[in-house]
>>> print(open('structure16.txt').read())   # compact mmCIF, N, CA and C atoms
# COMPACT_ATOMS: atom_id res chain seq x y z
N MET A 1 0.85 -1.17 0.00
CA MET A 1 0.00 0.00 0.00
C MET A 1 0.89 1.23 0.00
N SER A 2 0.51 2.20 -0.78
CA SER A 2 1.26 3.44 -0.84
C SER A 2 0.36 4.60 -0.44
N LEU A 3 0.85 5.43 0.45
CA LEU A 3 0.07 6.57 0.93
C LEU A 3 0.81 7.86 0.63
N ARG A 4 0.07 8.84 0.19
CA ARG A 4 0.65 10.16 -0.04
C ARG A 4 0.69 10.95 1.27
N PRO A 5 1.62 11.89 1.41
CA PRO A 5 1.63 12.74 2.60
C PRO A 5 0.28 13.45 2.74
N GLY A 6 -0.26 13.47 3.94
CA GLY A 6 -1.52 14.12 4.20
C GLY A 6 -2.74 13.25 3.96
N ALA A 7 -2.55 12.00 3.52
CA ALA A 7 -3.67 11.09 3.29
C ALA A 7 -4.36 10.76 4.61
N THR A 8 -5.61 10.34 4.52
CA THR A 8 -6.37 9.92 5.69
C THR A 8 -6.67 8.44 5.56
N VAL A 9 -6.41 7.69 6.62
CA VAL A 9 -6.71 6.27 6.66
C VAL A 9 -7.87 6.07 7.62
N MET A 10 -8.87 5.31 7.20
CA MET A 10 -10.03 5.10 8.04
C MET A 10 -10.21 3.61 8.31
N PHE A 11 -10.44 3.27 9.58
CA PHE A 11 -10.73 1.90 9.98
C PHE A 11 -12.22 1.80 10.27
N THR A 12 -12.86 0.77 9.77
CA THR A 12 -14.26 0.54 10.10
C THR A 12 -14.37 -0.79 10.81
N GLY A 13 -15.35 -0.90 11.65
CA GLY A 13 -15.51 -2.15 12.37
C GLY A 13 -16.50 -2.03 13.50
N ASP A 14 -16.28 -2.80 14.55
CA ASP A 14 -17.18 -2.85 15.69
C ASP A 14 -16.41 -2.53 16.96
N SER A 15 -16.82 -3.08 18.07
CA SER A 15 -16.16 -2.76 19.34
C SER A 15 -14.69 -3.18 19.35
N ILE A 16 -14.32 -4.17 18.55
CA ILE A 16 -12.91 -4.57 18.48
C ILE A 16 -12.08 -3.45 17.87
N THR A 17 -12.64 -2.78 16.87
CA THR A 17 -11.95 -1.65 16.25
C THR A 17 -11.95 -0.45 17.19
N ASP A 18 -13.05 -0.23 17.87
CA ASP A 18 -13.21 0.95 18.74
C ASP A 18 -12.19 0.96 19.87
N CYS A 19 -12.10 -0.11 20.63
CA CYS A 19 -11.10 -0.26 21.71
C CYS A 19 -10.94 1.01 22.55
N GLN A 20 -12.05 1.51 23.07
CA GLN A 20 -12.04 2.70 23.94
C GLN A 20 -11.51 3.94 23.21
N ARG A 21 -11.91 4.09 21.97
CA ARG A 21 -11.45 5.20 21.13
C ARG A 21 -11.71 6.55 21.78
N LEU A 22 -12.89 6.74 22.37
CA LEU A 22 -13.23 8.04 22.94
C LEU A 22 -12.47 8.35 24.22
N GLU A 23 -11.93 7.33 24.86
CA GLU A 23 -11.19 7.55 26.10
C GLU A 23 -9.68 7.73 25.88
N SER A 24 -9.22 7.49 24.67
CA SER A 24 -7.79 7.62 24.41
C SER A 24 -7.44 9.07 24.05
N GLU A 25 -6.24 9.45 24.36
CA GLU A 25 -5.80 10.83 24.17
C GLU A 25 -5.86 11.26 22.70
N GLU A 26 -5.46 10.39 21.79
CA GLU A 26 -5.40 10.75 20.37
C GLU A 26 -6.64 10.34 19.60
N GLY A 27 -7.61 9.71 20.27
CA GLY A 27 -8.83 9.30 19.60
C GLY A 27 -8.71 8.06 18.74
N LEU A 28 -7.62 7.30 18.94
CA LEU A 28 -7.41 6.09 18.15
C LEU A 28 -7.74 4.82 18.91
N GLY A 29 -8.05 4.92 20.18
CA GLY A 29 -8.29 3.73 20.98
C GLY A 29 -6.99 3.07 21.37
N PHE A 30 -7.09 1.82 21.80
CA PHE A 30 -5.89 1.10 22.26
C PHE A 30 -5.70 -0.20 21.49
N GLY A 31 -6.34 -0.32 20.33
CA GLY A 31 -6.27 -1.55 19.52
C GLY A 31 -5.39 -1.38 18.30
N TYR A 32 -5.74 -2.12 17.25
CA TYR A 32 -4.86 -2.12 16.08
C TYR A 32 -4.81 -0.80 15.32
N PRO A 33 -5.84 0.07 15.30
CA PRO A 33 -5.65 1.36 14.64
C PRO A 33 -4.49 2.17 15.25
N LEU A 34 -4.38 2.15 16.57
CA LEU A 34 -3.27 2.84 17.23
C LEU A 34 -1.94 2.20 16.86
N ARG A 35 -1.91 0.89 16.84
CA ARG A 35 -0.65 0.19 16.52
C ARG A 35 -0.23 0.46 15.08
N VAL A 36 -1.18 0.44 14.16
CA VAL A 36 -0.87 0.72 12.75
C VAL A 36 -0.38 2.15 12.59
N ALA A 37 -1.07 3.09 13.25
CA ALA A 37 -0.66 4.50 13.16
C ALA A 37 0.75 4.69 13.71
N GLY A 38 1.04 4.07 14.84
CA GLY A 38 2.36 4.21 15.44
C GLY A 38 3.45 3.61 14.58
N GLU A 39 3.20 2.42 14.08
CA GLU A 39 4.20 1.75 13.23
C GLU A 39 4.40 2.51 11.93
N GLY A 40 3.31 2.97 11.33
CA GLY A 40 3.42 3.72 10.08
C GLY A 40 4.14 5.03 10.27
N GLY A 41 3.83 5.73 11.36
CA GLY A 41 4.51 6.99 11.64
C GLY A 41 5.98 6.80 11.92
N PHE A 42 6.32 5.71 12.57
CA PHE A 42 7.71 5.42 12.90
C PHE A 42 8.51 5.09 11.64
N ARG A 43 7.93 4.33 10.75
CA ARG A 43 8.64 3.91 9.54
C ARG A 43 8.65 4.95 8.43
N HIS A 44 7.67 5.86 8.42
CA HIS A 44 7.53 6.80 7.33
C HIS A 44 7.37 8.22 7.85
N LEU A 45 8.39 8.72 8.49
CA LEU A 45 8.34 10.07 9.05
C LEU A 45 8.14 11.13 7.97
N ASP A 46 8.51 10.81 6.74
CA ASP A 46 8.40 11.76 5.63
C ASP A 46 6.98 11.82 5.07
N ARG A 47 6.09 10.96 5.53
CA ARG A 47 4.72 10.92 5.00
C ARG A 47 3.70 11.00 6.14
N PRO A 48 3.43 12.20 6.66
CA PRO A 48 2.44 12.30 7.73
C PRO A 48 1.06 11.91 7.23
N VAL A 49 0.39 11.07 7.96
CA VAL A 49 -0.93 10.55 7.58
C VAL A 49 -1.87 10.73 8.77
N THR A 50 -3.10 11.08 8.48
CA THR A 50 -4.13 11.20 9.52
C THR A 50 -4.85 9.89 9.63
>>> encode(input="structure16.txt", output="structure tokens")
Amino acid sequence: MSLRPGATVMFTGDSITDCQRLESEEGLGFGYPLRVAGEGGFRHLDRPVT
């Protein structure tokens, strides 16, 4: 998958995807969306993604 700088990635799902999304500081919850965002940001600092 290739993402352009400034792209938005959206996860859809149920409570497994949500993982306390509203209670987390960044609004990503504590599940795989947060992990994907962290890993992607770490590996691709030149491509900020929302």
>>> atom_distance(input="structure16.txt", atom1="atom CA of Ser2 of chain A", atom2="atom N of Arg47 of chain A")
11.0 Å
>>> select_by_dssp(input="structure16.txt", residues="chain A", states="helix (DSSP H, G or I)", output="VMD selection string")
chain A and resid 15 to 18 21 to 23 32 to 43
>>> atom_distance(input="structure16.txt", atom1="atom CA of Thr50 of chain A", atom2="atom CA of Thr8 of chain A")
4.6 Å
>>> residues_around(input="structure16.txt", residues="Ala37 of chain A", least_positions_apart="2", cutoff="12 Å", atoms="only C-alpha atoms", output="ChimeraX atom specification")
/A:8-11,26-35,39-45,47-50
>>> atom_distance(input="structure16.txt", atom1="atom C of Gly38 of chain A", atom2="atom CA of Ser15 of chain A")
21.2 Å
>>> decode(input="structure16.txt", residues="segment 1-49 of chain A", atoms="N, CA and C atoms", output="mmCIF file, in the first residue's frame")
data_model
loop_
_atom_site.group_PDB
_atom_site.id
_atom_site.type_symbol
_atom_site.label_atom_id
_atom_site.label_comp_id
_atom_site.auth_asym_id
_atom_site.auth_seq_id
_atom_site.Cartn_x
_atom_site.Cartn_y
_atom_site.Cartn_z
ATOM 1 N N MET A 1 0.845 -1.167 0.000
ATOM 2 C CA MET A 1 0.000 0.000 0.000
ATOM 3 C C MET A 1 0.891 1.231 0.000
ATOM 4 N N SER A 2 0.508 2.197 -0.775
ATOM 5 C CA SER A 2 1.262 3.441 -0.844
ATOM 6 C C SER A 2 0.364 4.597 -0.441
ATOM 7 N N LEU A 3 0.848 5.426 0.451
ATOM 8 C CA LEU A 3 0.073 6.568 0.930
ATOM 9 C C LEU A 3 0.814 7.859 0.627
ATOM 10 N N ARG A 4 0.069 8.842 0.194
ATOM 11 C CA ARG A 4 0.654 10.158 -0.044
ATOM 12 C C ARG A 4 0.688 10.949 1.267
ATOM 13 N N PRO A 5 1.617 11.888 1.409
ATOM 14 C CA PRO A 5 1.625 12.740 2.597
ATOM 15 C C PRO A 5 0.277 13.446 2.737
ATOM 16 N N GLY A 6 -0.255 13.469 3.936
ATOM 17 C CA GLY A 6 -1.525 14.122 4.201
ATOM 18 C C GLY A 6 -2.743 13.250 3.957
ATOM 19 N N ALA A 7 -2.546 11.996 3.524
ATOM 20 C CA ALA A 7 -3.667 11.087 3.287
ATOM 21 C C ALA A 7 -4.363 10.759 4.611
ATOM 22 N N THR A 8 -5.611 10.344 4.519
ATOM 23 C CA THR A 8 -6.375 9.917 5.685
ATOM 24 C C THR A 8 -6.673 8.440 5.561
ATOM 25 N N VAL A 9 -6.410 7.692 6.621
ATOM 26 C CA VAL A 9 -6.710 6.266 6.660
ATOM 27 C C VAL A 9 -7.865 6.073 7.622
ATOM 28 N N MET A 10 -8.870 5.311 7.199
ATOM 29 C CA MET A 10 -10.034 5.099 8.043
ATOM 30 C C MET A 10 -10.209 3.609 8.310
ATOM 31 N N PHE A 11 -10.445 3.269 9.577
ATOM 32 C CA PHE A 11 -10.732 1.904 9.977
ATOM 33 C C PHE A 11 -12.220 1.803 10.272
ATOM 34 N N THR A 12 -12.859 0.773 9.767
ATOM 35 C CA THR A 12 -14.260 0.543 10.095
ATOM 36 C C THR A 12 -14.373 -0.788 10.807
ATOM 37 N N GLY A 13 -15.351 -0.898 11.651
ATOM 38 C CA GLY A 13 -15.508 -2.150 12.371
ATOM 39 C C GLY A 13 -16.501 -2.026 13.504
ATOM 40 N N ASP A 14 -16.278 -2.803 14.549
ATOM 41 C CA ASP A 14 -17.184 -2.852 15.687
ATOM 42 C C ASP A 14 -16.413 -2.527 16.965
ATOM 43 N N SER A 15 -16.821 -3.081 18.075
ATOM 44 C CA SER A 15 -16.160 -2.763 19.341
ATOM 45 C C SER A 15 -14.693 -3.184 19.349
ATOM 46 N N ILE A 16 -14.321 -4.168 18.551
ATOM 47 C CA ILE A 16 -12.912 -4.572 18.482
ATOM 48 C C ILE A 16 -12.082 -3.448 17.866
ATOM 49 N N THR A 17 -12.639 -2.783 16.866
ATOM 50 C CA THR A 17 -11.951 -1.652 16.247
ATOM 51 C C THR A 17 -11.947 -0.448 17.188
ATOM 52 N N ASP A 18 -13.051 -0.228 17.873
ATOM 53 C CA ASP A 18 -13.206 0.946 18.740
ATOM 54 C C ASP A 18 -12.190 0.957 19.874
ATOM 55 N N CYS A 19 -12.098 -0.110 20.630
ATOM 56 C CA CYS A 19 -11.103 -0.258 21.711
ATOM 57 C C CYS A 19 -10.941 1.009 22.548
ATOM 58 N N GLN A 20 -12.047 1.514 23.066
ATOM 59 C CA GLN A 20 -12.039 2.702 23.936
ATOM 60 C C GLN A 20 -11.513 3.943 23.213
ATOM 61 N N ARG A 21 -11.910 4.089 21.968
ATOM 62 C CA ARG A 21 -11.452 5.197 21.134
ATOM 63 C C ARG A 21 -11.714 6.555 21.779
ATOM 64 N N LEU A 22 -12.886 6.740 22.366
ATOM 65 C CA LEU A 22 -13.226 8.044 22.940
ATOM 66 C C LEU A 22 -12.468 8.348 24.222
ATOM 67 N N GLU A 23 -11.925 7.332 24.863
ATOM 68 C CA GLU A 23 -11.188 7.550 26.101
ATOM 69 C C GLU A 23 -9.684 7.731 25.878
ATOM 70 N N SER A 24 -9.224 7.493 24.667
ATOM 71 C CA SER A 24 -7.789 7.624 24.413
ATOM 72 C C SER A 24 -7.444 9.069 24.052
ATOM 73 N N GLU A 25 -6.240 9.453 24.361
ATOM 74 C CA GLU A 25 -5.800 10.832 24.165
ATOM 75 C C GLU A 25 -5.857 11.264 22.703
ATOM 76 N N GLU A 26 -5.464 10.392 21.789
ATOM 77 C CA GLU A 26 -5.403 10.751 20.373
ATOM 78 C C GLU A 26 -6.645 10.341 19.596
ATOM 79 N N GLY A 27 -7.609 9.711 20.270
ATOM 80 C CA GLY A 27 -8.835 9.300 19.604
ATOM 81 C C GLY A 27 -8.706 8.057 18.742
ATOM 82 N N LEU A 28 -7.625 7.301 18.941
ATOM 83 C CA LEU A 28 -7.414 6.094 18.149
ATOM 84 C C LEU A 28 -7.744 4.820 18.906
ATOM 85 N N GLY A 29 -8.048 4.924 20.181
ATOM 86 C CA GLY A 29 -8.293 3.732 20.983
ATOM 87 C C GLY A 29 -6.986 3.072 21.368
ATOM 88 N N PHE A 30 -7.090 1.817 21.805
ATOM 89 C CA PHE A 30 -5.894 1.097 22.256
ATOM 90 C C PHE A 30 -5.700 -0.199 21.485
ATOM 91 N N GLY A 31 -6.338 -0.324 20.325
ATOM 92 C CA GLY A 31 -6.269 -1.545 19.520
ATOM 93 C C GLY A 31 -5.385 -1.375 18.300
ATOM 94 N N TYR A 32 -5.739 -2.116 17.250
ATOM 95 C CA TYR A 32 -4.865 -2.124 16.082
ATOM 96 C C TYR A 32 -4.805 -0.803 15.322
ATOM 97 N N PRO A 33 -5.845 0.073 15.303
ATOM 98 C CA PRO A 33 -5.650 1.360 14.635
ATOM 99 C C PRO A 33 -4.492 2.165 15.246
ATOM 100 N N LEU A 34 -4.380 2.145 16.565
ATOM 101 C CA LEU A 34 -3.274 2.838 17.228
ATOM 102 C C LEU A 34 -1.937 2.199 16.865
ATOM 103 N N ARG A 35 -1.906 0.887 16.843
ATOM 104 C CA ARG A 35 -0.654 0.192 16.518
ATOM 105 C C ARG A 35 -0.230 0.460 15.080
ATOM 106 N N VAL A 36 -1.178 0.440 14.162
ATOM 107 C CA VAL A 36 -0.865 0.716 12.754
ATOM 108 C C VAL A 36 -0.385 2.153 12.586
ATOM 109 N N ALA A 37 -1.068 3.094 13.245
ATOM 110 C CA ALA A 37 -0.661 4.498 13.163
ATOM 111 C C ALA A 37 0.749 4.693 13.713
ATOM 112 N N GLY A 38 1.035 4.069 14.837
ATOM 113 C CA GLY A 38 2.361 4.212 15.436
ATOM 114 C C GLY A 38 3.452 3.606 14.584
ATOM 115 N N GLU A 39 3.199 2.421 14.076
ATOM 116 C CA GLU A 39 4.197 1.750 13.235
ATOM 117 C C GLU A 39 4.405 2.510 11.929
ATOM 118 N N GLY A 40 3.308 2.970 11.330
ATOM 119 C CA GLY A 40 3.415 3.724 10.076
ATOM 120 C C GLY A 40 4.140 5.034 10.268
ATOM 121 N N GLY A 41 3.833 5.729 11.360
ATOM 122 C CA GLY A 41 4.510 6.988 11.642
ATOM 123 C C GLY A 41 5.985 6.801 11.923
ATOM 124 N N PHE A 42 6.315 5.712 12.574
ATOM 125 C CA PHE A 42 7.710 5.423 12.896
ATOM 126 C C PHE A 42 8.511 5.094 11.640
ATOM 127 N N ARG A 43 7.925 4.330 10.747
ATOM 128 C CA ARG A 43 8.641 3.907 9.537
ATOM 129 C C ARG A 43 8.654 4.948 8.430
ATOM 130 N N HIS A 44 7.666 5.855 8.424
ATOM 131 C CA HIS A 44 7.531 6.799 7.326
ATOM 132 C C HIS A 44 7.366 8.218 7.852
ATOM 133 N N LEU A 45 8.390 8.718 8.488
ATOM 134 C CA LEU A 45 8.337 10.066 9.048
ATOM 135 C C LEU A 45 8.142 11.133 7.973
ATOM 136 N N ASP A 46 8.513 10.808 6.738
ATOM 137 C CA ASP A 46 8.403 11.763 5.634
ATOM 138 C C ASP A 46 6.980 11.820 5.067
ATOM 139 N N ARG A 47 6.086 10.962 5.526
ATOM 140 C CA ARG A 47 4.719 10.921 5.004
ATOM 141 C C ARG A 47 3.704 10.997 6.144
ATOM 142 N N PRO A 48 3.432 12.203 6.661
ATOM 143 C CA PRO A 48 2.439 12.303 7.732
ATOM 144 C C PRO A 48 1.059 11.911 7.231
ATOM 145 N N VAL A 49 0.385 11.068 7.965
ATOM 146 C CA VAL A 49 -0.926 10.549 7.578
ATOM 147 C C VAL A 49 -1.869 10.727 8.768
#
